[in-house]
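The next block holds one structure in the form of structure tokens; read it before the comments.
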Amino acid sequence: MKISASIQAANQLDLLNHIDSNNTKFDQLHIDITDGHFAENISMSFKVIEMLKNNTDYYLDIHVHKESTQVKDFIKLSEFNKNIGIGLLPGTSNSELEEYLDYAHSVLLLGVNPGFSNQSQAIDLPRKVNDFNTSFPNYSGEVIVDGGVKNEDLEVFEKIGVDVVVQGGAIFG
């Protein structure tokens with residue numbers, strides 16, 4: 001199981017140094033793109049994302065959310081980016097993902113509503129993962145969990161087959 005560092009929780013004024021000083025705690029970077037509409041806050045610009053891509057060797061984990069992306073648009077995005085993932089809010093049923101799965105490199109199951117770091121889980125995230133695995137046993141992409149995941153939760157998620165765990169506050173404080 002890989003750990004993806006949510007850079008939203010990192011020091012934005014010294015981002016590269018904060019990433020480098022915590023580099024033993026994660027395998028890749030998770031980037032939340034928020035625009036003030038879907039989530040209340042506004043995250044980094046595409047210029048910052050480009051800078052990260054050009055100045056680090058980390059895989060960048062980026063998703064769009066089912067609740068804000070129609071299937072036809074997701075299919076178009078997947079034609080240009082084979083690594084695109086689809087995210088699902090805590091209160092949305094896993095069944096809502098069905099039309100997206102053939103085009104999704106990964107599924108991001110959120111335990112919190114997006115936008116802010118260091119939240120407690122709003123749902124039973126291991127149960128949501130188990131429900132997803134039961135509903136879609138043939139899904140071959142990555143299963144990623146994000147939101148309120150503490151270090152003591154990692155063993156549970158590994159046992160139930162999660163491929164990537166996103167952590168922000170647990171890595172950057």
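Labels used: A, B, ... for chains in the order of the structure tokens, numbers from 1 for residues in each chain, and numbers from 1 for ligands as shown.
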What's the 6 Å shell around stretch 140-147 of chain A, counting only C-alpha atoms, without same-chain residues fewer than 3 positions away, as a VMD selection string? chain A and resid 105 to 112 162 to 166
What residues in chain A get the DSSP label strand (DSSP E)? Please answer as a PyMOL selection string. chain A and resi 2-6+28-31+60-65+85-88+106-110+142-146+164-167
Compile the contact shell of A:Asn130 as an MDAnalysis selection string: residues with an atom at most 12 Å away, counting only C-alpha atoms, same-chain residues fewer than 3 positions apart removed. chainID A and resid 94 109 124:127 133:137 143 145 156:162
Separation of atom CA of A:Ile62 from atom CA of A:Val149 in Å: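 A separation of 18.0 Å between them.
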Can you measure atom CA of A:Asn113 to atom CA of A:Thr56 for me? One decimal in Å is fine. 28.2 Å
All residues 9 Å or closer to stretch 19-26 of chain A, only C-alpha atoms, same chain fewer than 3 positions away omitted, as a list in words: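 Close residues of stretch 19-26 of chain A: Lys2, Ile3, Ser4, Ala5, Ile7, Ala10, Asn11, Asp14, Leu15, Leu16, Leu29, Gln167, Ile171 and Phe172 of chain A.
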Can you pull out every residue within 9 Å of A:Ile84, counting only C-alpha atoms, but drop anything in the same chain fewer than 6 positions away, and send it as a PDB file with C-alpha atoms, in the first residue's frame?
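Generated output (selection30.pdb):
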ATOM      1  CA  ASP A  61      -2.337  11.854  -7.767  1.00  0.00           C
ATOM      2  CA  ILE A  62      -5.121  14.093  -9.155  1.00  0.00           C
ATOM      3  CA  HIS A  63      -8.858  13.355  -9.307  1.00  0.00           C
ATOM      4  CA  VAL A  64     -12.121  14.924 -10.320  1.00  0.00           C
ATOM      5  CA  PHE A  74     -15.057  12.211 -17.621  1.00  0.00           C
ATOM      6  CA  LEU A  77     -10.797  13.567 -19.851  1.00  0.00           C
ATOM      7  CA  SER A  78      -9.833   9.892 -19.742  1.00  0.00           C
ATOM      8  CA  TYR A 103     -12.651   4.905 -17.693  1.00  0.00           C
ATOM      9  CA  ALA A 104     -11.180   5.461 -14.215  1.00  0.00           C
ATOM     10  CA  HIS A 105      -7.586   4.569 -13.388  1.00  0.00           C
ATOM     11  CA  SER A 106      -8.535   4.932  -9.742  1.00  0.00           C
TER      12      SER A 106
END
Which residues are close to A:His65, i.e. within 8 Å by only C-alpha atoms, leaving aside same-chain residues fewer than 2 positions away? Reply as a ChimeraX atom specification. /A:63,67-69,86-89
